[in-house]
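Asker: Just so it is clear, I am handing over entry-v4.txt, which has compact mmCIF, C-alpha atoms.
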```txt
# COMPACT_ATOMS: atom_id res chain seq x y z
CA MET A 1 -7.25 97.71 -127.65
CA ALA A 2 -5.18 99.61 -125.09
CA ALA A 3 -2.44 97.60 -123.44
CA ALA A 4 -3.93 98.19 -119.98
CA GLU A 5 -7.17 96.53 -121.12
CA LEU A 6 -5.80 93.10 -122.04
CA GLY A 7 -8.09 90.28 -121.01
CA GLY A 8 -7.03 86.93 -119.63
CA ARG A 9 -6.53 85.09 -122.89
CA GLU A 10 -4.84 88.06 -124.58
CA GLY A 11 -2.42 88.33 -121.67
CA ALA A 12 -1.74 84.58 -121.71
CA ILE A 13 -1.00 84.61 -125.43
CA LEU A 14 1.23 87.68 -125.15
CA ARG A 15 3.13 85.98 -122.32
CA ALA A 16 3.54 82.85 -124.44
CA ILE A 17 4.87 84.89 -127.37
CA VAL A 18 7.34 86.83 -125.23
CA GLU A 19 8.67 83.78 -123.42
CA SER A 20 8.94 81.68 -126.59
CA TYR A 21 10.75 84.46 -128.46
CA VAL A 22 13.10 85.11 -125.54
CA SER A 23 13.97 81.41 -125.50
CA THR A 24 14.38 80.78 -129.24
CA ALA A 25 14.95 84.17 -130.94
CA LYS A 26 12.50 82.94 -133.60
CA PRO A 27 9.16 84.56 -134.51
CA VAL A 28 6.27 82.80 -132.79
CA SER A 29 3.40 81.28 -134.77
CA SER A 30 -0.09 80.47 -133.56
CA GLY A 31 0.84 76.78 -133.78
CA VAL A 32 3.68 77.28 -131.31
CA VAL A 33 1.29 78.98 -128.87
CA VAL A 34 -1.26 76.18 -129.18
CA CYS A 35 1.36 73.45 -128.81
CA GLY A 36 2.69 75.22 -125.72
CA GLY A 37 -0.60 74.48 -123.99
CA VAL A 38 -0.92 77.91 -122.37
CA VAL A 39 -4.47 78.33 -123.69
CA SER A 40 -7.17 75.88 -124.71
CA LEU A 41 -7.97 77.62 -127.97
CA SER A 42 -7.86 76.68 -131.62
CA SER A 43 -5.13 77.96 -133.91
CA ALA A 44 -7.72 80.14 -135.68
CA THR A 45 -8.76 81.79 -132.40
CA VAL A 46 -5.13 82.30 -131.39
CA ARG A 47 -4.48 83.93 -134.77
CA ASN A 48 -7.39 86.30 -134.19
CA VAL A 49 -6.05 87.26 -130.76
CA MET A 50 -2.56 87.75 -132.22
CA ARG A 51 -4.05 90.05 -134.84
CA THR A 52 -5.66 92.09 -132.04
CA LEU A 53 -2.36 92.27 -130.16
CA GLU A 54 -0.65 93.40 -133.35
CA GLU A 55 -3.24 96.15 -133.86
CA GLY A 56 -2.54 97.27 -130.30
CA GLY A 57 1.18 97.56 -131.03
CA LEU A 58 2.24 94.80 -128.63
CA ILE A 59 3.57 92.39 -131.26
CA SER A 60 4.66 92.72 -134.86
CA GLN A 61 5.20 90.50 -137.87
CA PRO A 62 8.73 90.91 -139.24
CA HIS A 63 7.88 89.15 -142.52
CA THR A 64 4.62 88.32 -144.24
CA SER A 65 4.99 84.58 -143.79
CA ALA A 66 6.61 84.77 -140.36
CA GLY A 67 5.18 84.51 -136.89
CA ARG A 68 5.08 87.42 -134.44
CA VAL A 69 7.68 89.01 -132.19
CA PRO A 70 7.12 91.28 -129.18
CA THR A 71 7.53 95.03 -129.60
CA ASP A 72 8.96 97.34 -126.95
CA ILE A 73 5.37 98.04 -125.90
CA GLY A 74 4.70 94.32 -125.63
CA TYR A 75 7.77 93.75 -123.49
CA ARG A 76 6.75 96.67 -121.29
CA TYR A 77 3.28 95.21 -120.74
CA TYR A 78 4.83 91.82 -119.99
CA VAL A 79 7.22 93.30 -117.42
CA ASP A 80 4.59 95.47 -115.76
CA HIS A 81 1.64 93.06 -115.74
CA LEU A 82 2.45 89.48 -116.68
CA MET A 83 5.76 88.40 -115.20
CA THR A 84 6.77 87.53 -111.65
CA PRO A 85 10.41 88.25 -110.70
CA GLN A 86 12.33 85.08 -109.90
CA SER A 87 14.61 85.13 -106.88
CA PRO A 88 17.92 83.30 -107.32
CA ALA A 89 17.87 79.65 -106.32
CA ALA A 90 18.88 78.75 -102.77
CA ARG A 91 22.32 77.56 -103.90
CA GLU A 92 22.89 80.82 -105.77
CA ARG A 93 21.76 82.89 -102.79
CA ALA A 94 24.21 81.08 -100.54
CA ARG A 95 27.01 81.62 -103.04
CA ILE A 96 26.19 85.32 -103.38
CA ALA A 97 26.05 85.76 -99.60
CA LEU A 98 29.46 84.11 -99.19
CA ARG A 99 31.18 86.13 -101.90
CA VAL A 100 29.59 89.47 -101.04
CA GLY A 101 30.33 88.90 -97.36
CA ALA A 102 34.01 88.40 -98.21
CA LEU A 103 34.05 91.94 -99.67
CA ALA A 104 33.09 93.61 -96.39
CA GLY A 105 36.55 95.03 -95.73
CA ARG A 106 37.49 95.87 -99.32
CA ASP A 107 37.53 99.23 -101.06
CA LEU A 108 34.61 100.18 -103.28
CA GLY A 109 36.55 99.71 -106.51
CA THR A 110 37.23 96.09 -105.59
CA VAL A 111 33.62 95.61 -104.50
CA ALA A 112 32.38 96.96 -107.84
CA SER A 113 34.71 94.67 -109.81
CA GLU A 114 33.79 91.52 -107.89
CA VAL A 115 30.05 92.20 -107.95
CA SER A 116 30.15 92.80 -111.72
CA ARG A 117 31.97 89.51 -112.16
CA MET A 118 29.44 87.61 -110.03
CA MET A 119 26.43 89.15 -111.77
CA SER A 120 27.85 88.43 -115.19
CA GLU A 121 28.53 84.81 -114.30
CA LEU A 122 24.96 84.32 -113.08
CA SER A 123 23.12 86.40 -115.67
CA ARG A 124 25.17 85.56 -118.77
CA GLU A 125 24.78 89.22 -119.72
CA LEU A 126 26.86 92.37 -119.51
CA ALA A 127 26.89 93.35 -115.82
CA VAL A 128 27.72 96.86 -114.61
CA THR A 129 28.42 98.12 -111.09
CA VAL A 130 28.77 101.82 -110.28
CA ALA A 131 30.19 102.96 -106.94
CA PRO A 132 30.16 106.68 -106.08
CA ALA A 133 33.62 108.08 -105.43
CA SER A 134 32.49 110.35 -102.61
CA GLY A 135 30.07 108.09 -100.82
CA GLY A 136 30.02 107.94 -97.06
CA VAL A 137 30.84 110.18 -94.16
CA ILE A 138 34.30 110.69 -92.72
CA ASP A 139 35.08 108.27 -89.92
CA ARG A 140 38.85 108.69 -89.66
CA VAL A 141 41.44 111.40 -90.28
CA GLU A 142 45.18 110.96 -89.76
CA LEU A 143 48.21 113.24 -90.08
CA VAL A 144 51.66 111.65 -89.97
CA ALA A 145 54.88 113.66 -90.06
CA LEU A 146 57.36 112.19 -92.55
CA ASP A 147 61.05 111.83 -91.80
CA GLY A 148 62.10 113.67 -94.93
CA GLY A 149 59.75 116.58 -94.35
CA GLY A 150 56.09 117.00 -95.15
CA VAL A 151 53.01 115.37 -93.66
CA LEU A 152 50.96 112.44 -94.92
CA ALA A 153 47.23 113.28 -94.68
CA VAL A 154 44.73 110.41 -94.83
CA ALA A 155 40.93 110.56 -94.70
CA THR A 156 38.73 107.47 -94.69
CA ALA A 157 34.98 107.52 -95.21
CA ALA A 158 32.49 104.85 -94.27
CA GLY A 159 32.04 102.59 -97.25
CA GLY A 160 35.76 102.12 -97.85
CA VAL A 161 36.57 105.38 -99.66
CA THR A 162 40.10 106.48 -98.73
CA ARG A 163 42.01 109.56 -99.82
CA SER A 164 45.65 110.32 -99.06
CA ARG A 165 48.05 113.09 -99.98
CA VAL A 166 51.46 114.36 -98.92
CA VAL A 167 51.05 117.98 -97.76
CA ALA A 168 53.47 120.61 -96.49
CA ALA A 169 56.00 118.99 -98.83
CA GLY A 170 59.59 120.01 -98.14
CA ARG A 171 58.70 121.63 -94.80
CA ARG A 172 59.34 120.22 -91.37
CA VAL A 173 56.33 120.57 -89.10
CA SER A 174 56.66 120.04 -85.38
CA ALA A 175 54.86 117.18 -83.66
CA ALA A 176 52.92 119.73 -81.62
CA ASP A 177 51.64 121.51 -84.73
CA VAL A 178 50.69 118.19 -86.35
CA SER A 179 48.81 117.19 -83.19
CA THR A 180 46.98 120.54 -83.03
CA ALA A 181 45.98 120.39 -86.69
CA LEU A 182 44.82 116.78 -86.35
CA GLU A 183 42.69 117.61 -83.31
CA MET A 184 40.96 120.37 -85.26
CA LEU A 185 40.42 118.22 -88.34
CA ARG A 186 38.81 115.47 -86.30
CA ALA A 187 36.56 117.92 -84.47
CA TRP A 188 35.50 119.74 -87.63
CA LEU A 189 35.17 116.84 -90.09
CA GLY A 190 34.33 113.70 -88.12
CA GLY A 191 30.95 112.36 -89.22
CA ARG A 192 30.61 114.91 -92.02
CA PRO A 193 30.07 113.91 -95.68
CA LEU A 194 33.33 113.46 -97.58
CA GLY A 195 32.04 115.60 -100.43
CA GLU A 196 31.50 118.56 -98.09
CA ALA A 197 34.80 118.33 -96.19
CA GLY A 198 36.71 120.86 -98.29
CA ARG A 199 34.05 123.53 -97.89
CA ILE A 200 33.75 122.89 -94.15
CA LEU A 201 37.51 123.01 -93.59
CA SER A 202 37.88 126.24 -95.56
CA ALA A 203 35.10 127.93 -93.59
CA ARG A 204 36.31 126.75 -90.16
CA ARG A 205 39.97 127.64 -90.54
CA GLU A 206 39.04 131.15 -91.74
CA GLU A 207 36.75 131.86 -88.80
CA PRO A 208 37.99 134.88 -86.77
CA GLY A 209 37.94 132.88 -83.55
CA ALA A 210 40.00 129.99 -84.88
CA ARG A 211 43.24 131.45 -83.40
CA LEU A 212 45.56 129.34 -85.49
CA SER A 213 49.32 129.71 -85.51
CA ALA A 214 50.81 130.49 -88.88
CA THR A 215 52.23 126.96 -89.18
CA VAL A 216 48.97 125.22 -88.29
CA ALA A 217 47.00 127.54 -90.59
CA ALA A 218 49.36 126.74 -93.47
CA LEU A 219 49.13 123.01 -92.75
CA LEU A 220 45.33 123.06 -92.71
CA ALA A 221 45.30 125.02 -95.95
CA ASP A 222 47.46 122.31 -97.52
CA VAL A 223 45.20 119.56 -96.16
CA GLU A 224 42.20 121.21 -97.81
CA ALA A 225 43.54 120.00 -101.18
CA LEU A 226 42.90 116.44 -99.99
CA PHE A 227 39.17 117.15 -100.20
CA ALA A 228 39.08 118.70 -103.67
CA PRO A 229 35.87 117.69 -105.49
CA ASP A 230 36.19 114.22 -106.95
CA ASP A 231 33.58 113.59 -109.61
CA GLU A 232 35.13 110.33 -110.73
CA VAL A 233 32.75 107.40 -110.48
CA ARG A 234 34.04 103.87 -110.15
CA VAL A 235 32.51 101.89 -113.00
CA ARG A 236 33.25 98.21 -113.48
CA TYR A 237 31.73 95.87 -116.01
CA GLU A 238 32.08 92.22 -116.93
CA GLY A 239 30.57 90.00 -119.59
CA ALA A 240 31.02 91.96 -122.80
CA LYS A 241 31.52 88.60 -124.52
CA TYR A 242 27.90 87.70 -123.82
CA MET A 243 26.63 90.71 -125.76
CA PHE A 244 28.15 89.45 -128.98
CA ARG A 245 26.62 86.01 -128.60
CA HIS A 246 23.13 87.39 -129.12
CA PRO A 247 22.09 87.10 -132.79
CA GLU A 248 20.43 90.53 -132.84
CA PHE A 249 23.80 92.18 -132.21
CA HIS A 250 25.80 90.39 -134.91
CA ASP A 251 25.26 93.20 -137.40
CA HIS A 252 25.52 95.99 -134.85
CA VAL A 253 28.93 95.46 -133.29
CA SER A 254 29.87 99.14 -133.48
CA ALA A 255 26.71 100.25 -131.66
CA VAL A 256 27.33 97.77 -128.87
CA GLY A 257 30.98 98.78 -128.73
CA GLU A 258 30.07 102.45 -128.27
CA VAL A 259 28.10 101.59 -125.16
CA ILE A 260 30.72 99.42 -123.46
CA ASP A 261 33.82 101.31 -124.59
CA SER A 262 33.36 104.21 -122.19
CA GLU A 263 33.02 104.09 -118.41
CA GLY A 264 31.32 107.47 -118.58
CA ALA A 265 28.75 106.13 -121.03
CA LEU A 266 28.02 103.14 -118.82
CA ALA A 267 27.69 105.34 -115.73
CA GLU A 268 25.26 107.56 -117.62
CA VAL A 269 23.25 104.57 -118.83
CA VAL A 270 22.67 103.17 -115.33
CA GLY A 271 22.74 106.49 -113.48
CA THR A 272 19.07 107.46 -113.55
CA THR A 273 17.70 104.73 -111.32
CA GLU A 274 15.25 105.31 -108.51
CA GLU A 275 16.07 105.05 -104.81
CA PRO A 276 17.58 101.93 -103.21
CA GLY A 277 15.17 99.04 -102.90
CA LYS A 278 13.62 99.50 -106.34
CA VAL A 279 14.55 97.91 -109.64
CA THR A 280 14.08 99.82 -112.87
CA VAL A 281 13.63 98.21 -116.29
CA ARG A 282 14.16 100.29 -119.42
CA ILE A 283 13.31 98.64 -122.70
CA GLY A 284 14.56 99.43 -126.20
CA ARG A 285 13.62 102.94 -127.25
CA GLU A 286 12.87 103.89 -123.66
CA ASN A 287 16.66 104.24 -123.51
CA ARG A 288 17.34 107.56 -125.14
CA ARG A 289 21.06 107.08 -125.60
CA ARG A 290 22.14 106.25 -129.14
CA GLY A 291 23.01 102.59 -129.55
CA LEU A 292 20.61 101.33 -126.88
CA GLU A 293 17.51 101.06 -129.07
CA MET A 294 17.97 97.28 -129.33
CA MET A 295 18.86 96.80 -125.69
CA SER A 296 17.18 96.60 -122.33
CA LEU A 297 18.55 97.59 -118.96
CA VAL A 298 17.67 96.16 -115.55
CA VAL A 299 19.22 98.23 -112.75
CA GLY A 300 18.92 98.55 -108.99
CA ALA A 301 20.43 100.91 -106.43
CA TYR A 302 22.23 100.47 -103.12
CA ARG A 303 23.34 102.90 -100.42
CA VAL A 304 26.96 103.95 -99.88
CA GLY A 305 26.81 106.23 -96.86
CA ALA A 306 25.13 109.40 -98.09
CA GLY A 307 25.62 108.33 -101.70
CA VAL A 308 23.99 105.83 -104.01
CA GLY A 309 25.62 103.12 -106.09
CA ARG A 310 24.02 101.06 -108.83
CA VAL A 311 24.12 97.53 -110.18
CA GLY A 312 22.59 96.36 -113.41
CA VAL A 313 22.62 94.14 -116.46
CA ILE A 314 22.40 95.18 -120.09
CA GLY A 315 21.28 92.85 -122.85
CA PRO A 316 18.92 92.57 -125.80
CA THR A 317 15.25 93.46 -125.45
CA ARG A 318 14.81 89.71 -125.82
CA MET A 319 16.07 89.09 -122.29
CA ARG A 320 14.94 86.89 -119.40
CA TYR A 321 13.23 89.65 -117.46
CA PRO A 322 11.90 87.58 -114.50
CA ARG A 323 15.34 86.05 -113.87
CA LEU A 324 17.27 89.31 -114.28
CA VAL A 325 14.92 91.52 -112.26
CA GLY A 326 15.12 89.02 -109.38
CA LEU A 327 18.91 88.77 -109.67
CA VAL A 328 19.51 92.53 -109.75
CA ARG A 329 17.17 93.05 -106.80
CA HIS A 330 19.00 90.38 -104.80
CA PHE A 331 22.43 91.88 -105.49
CA SER A 332 21.35 95.44 -104.67
CA GLU A 333 19.83 94.27 -101.38
CA ALA A 334 22.92 92.19 -100.53
CA LEU A 335 25.20 95.18 -101.15
CA ASP A 336 22.91 97.43 -99.14
CA ARG A 337 23.09 95.10 -96.14
CA MET A 338 26.84 94.50 -96.36
CA LEU A 339 27.70 98.20 -96.59
CA ALA A 340 25.27 99.11 -93.80
CA GLU A 341 26.82 96.51 -91.51
CA ARG A 342 30.29 97.90 -92.03
CA GLY A 343 29.10 101.45 -91.39
CA ALA A 344 28.72 102.78 -94.95
```
Would it be possible to restate this file's structure as structure tokens?
Answerer:
Amino acid sequence: MAAAELGGREGAILRAIVESYVSTAKPVSSGVVVCGGVVSLSSATVRNVMRTLEEGGLISQPHTSAGRVPTDIGYRYYVDHLMTPQSPAARERARIALRVGALAGRDLGTVASEVSRMMSELSRELAVTVAPASGGVIDRVELVALDGGGVLAVATAAGGVTRSRVVAAGRRVSAADVSTALEMLRAWLGGRPLGEAGRILSARREEPGARLSATVAALLADVEALFAPDDEVRVRYEGAKYMFRHPEFHDHVSAVGEVIDSEGALAEVVGTTEEPGKVTVRIGRENRRRGLEMMSLVVGAYRVGAGVGRVGVIGPTRMRYPRLVGLVRHFSEALDRMLAERGA
């Protein structure tokens, strides 16, 4: 039987097996399904259906005398066809709105840290937030002459990304030259993506018609370093302690540690999500990275100016998918709204 062809009673029994196993971490027998009252069938009939599900690869029997457990294929069918995402309760939604709203004026690193903490508290799983370093378009540029020589250059992009650098170090630059350079920077870079600013500045200051004085040209050349490519991604995670509470990870501490020990690894794990507004679930061996074969990932995306950030939870394949899909969706939408309202 192909998974897409499950009938009503097969789907009901698969749902009962998944939800019982998620709750107890114990293989599920036909007696448990019958006692659960999800179907009005005898134990013998339930056993026959379970045998069919096993032949279809949706459940397996870990030991001869044991009940059944869902396979990755079974979890996938459950997620795609049998479950309904659960939105956070009204009290939780109010709490999330209050705490996310308080982050409106904070930098993206702080936003990522606080959102990871909130998601971990509510999900009781490892929560990860990724904020792109170069998200947003430039909305402010400042040049400030320093008393001891040099100029402080500051660029702020929508979404809270700020870069600063002391340029023209050791040189005194006149107020007129600083003003001229600042006027050009604002005209050339205002509203342009932060990640493209260096290329734009280089091209504009080298145009034959730019007519720059030697001092202004040198100052702009120094400022260009402020916009050097920044591939760093802000990755924050909370809730590693929850990973080690799951019985399936007790004998695989090193594999779990490999995943959470590297910000780059975490960014890679959650970095292949679809566009904002969608939630992606990857189950077990669908995750190709070594160490994730026993884990599932639920991740959503949010907009940061022209960039995309991501929020997600990582846990065992035996996870509460309806709860976590609803939670991740709510957080990604809340971040999307908050950042849009502040001009990200």
Asker: How many Å separate atom CA of A:Arg9 from atom CA of A:His63?
Answerer: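 Taking atom CA of A:Arg9 as the start and atom CA of A:His63 as the end point, the length is 24.7 Å.
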Asker: Just the residues within 10 Å of A:Pro316, please, counting all atoms listed in the file, with nothing from its chain fewer than 5 positions along; format it as an NGL selection string.
Answerer: :A and (22 or 125 or 243 or 246-249 or 283-284 or 292-297)
Asker: Taking all atoms listed in the file into account, name the residue in A:Thr162, A:Ser87, A:Ser30, A:Ser202 that is nearest to A:Arg106.
Answerer: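 For A:Arg106, the nearest of the candidates is A:Thr162.
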Asker: Show which residues sit within 9 Å of A:Ala228, as a PyMOL selection string. Count only C-alpha atoms, and ignore same-chain residues fewer than 3 positions away.
Answerer: chain A and resi 195+197-198+224-225
Asker: Can you pull out every residue within 12 Å of A:Asp147, counting all atoms listed in the file, but drop anything in the same chain fewer than 6 positions away, and send it as JSON, numbers by chain?
Answerer: {"A": [169, 170, 171, 172, 173, 174, 175]}
Asker: What's the 12 Å shell around A:Ala145, counting all atoms listed in the file, without same-chain residues fewer than 3 positions away, as a ChimeraX atom specification?
Answerer: /A:142,148-154,166-179,181-182,219
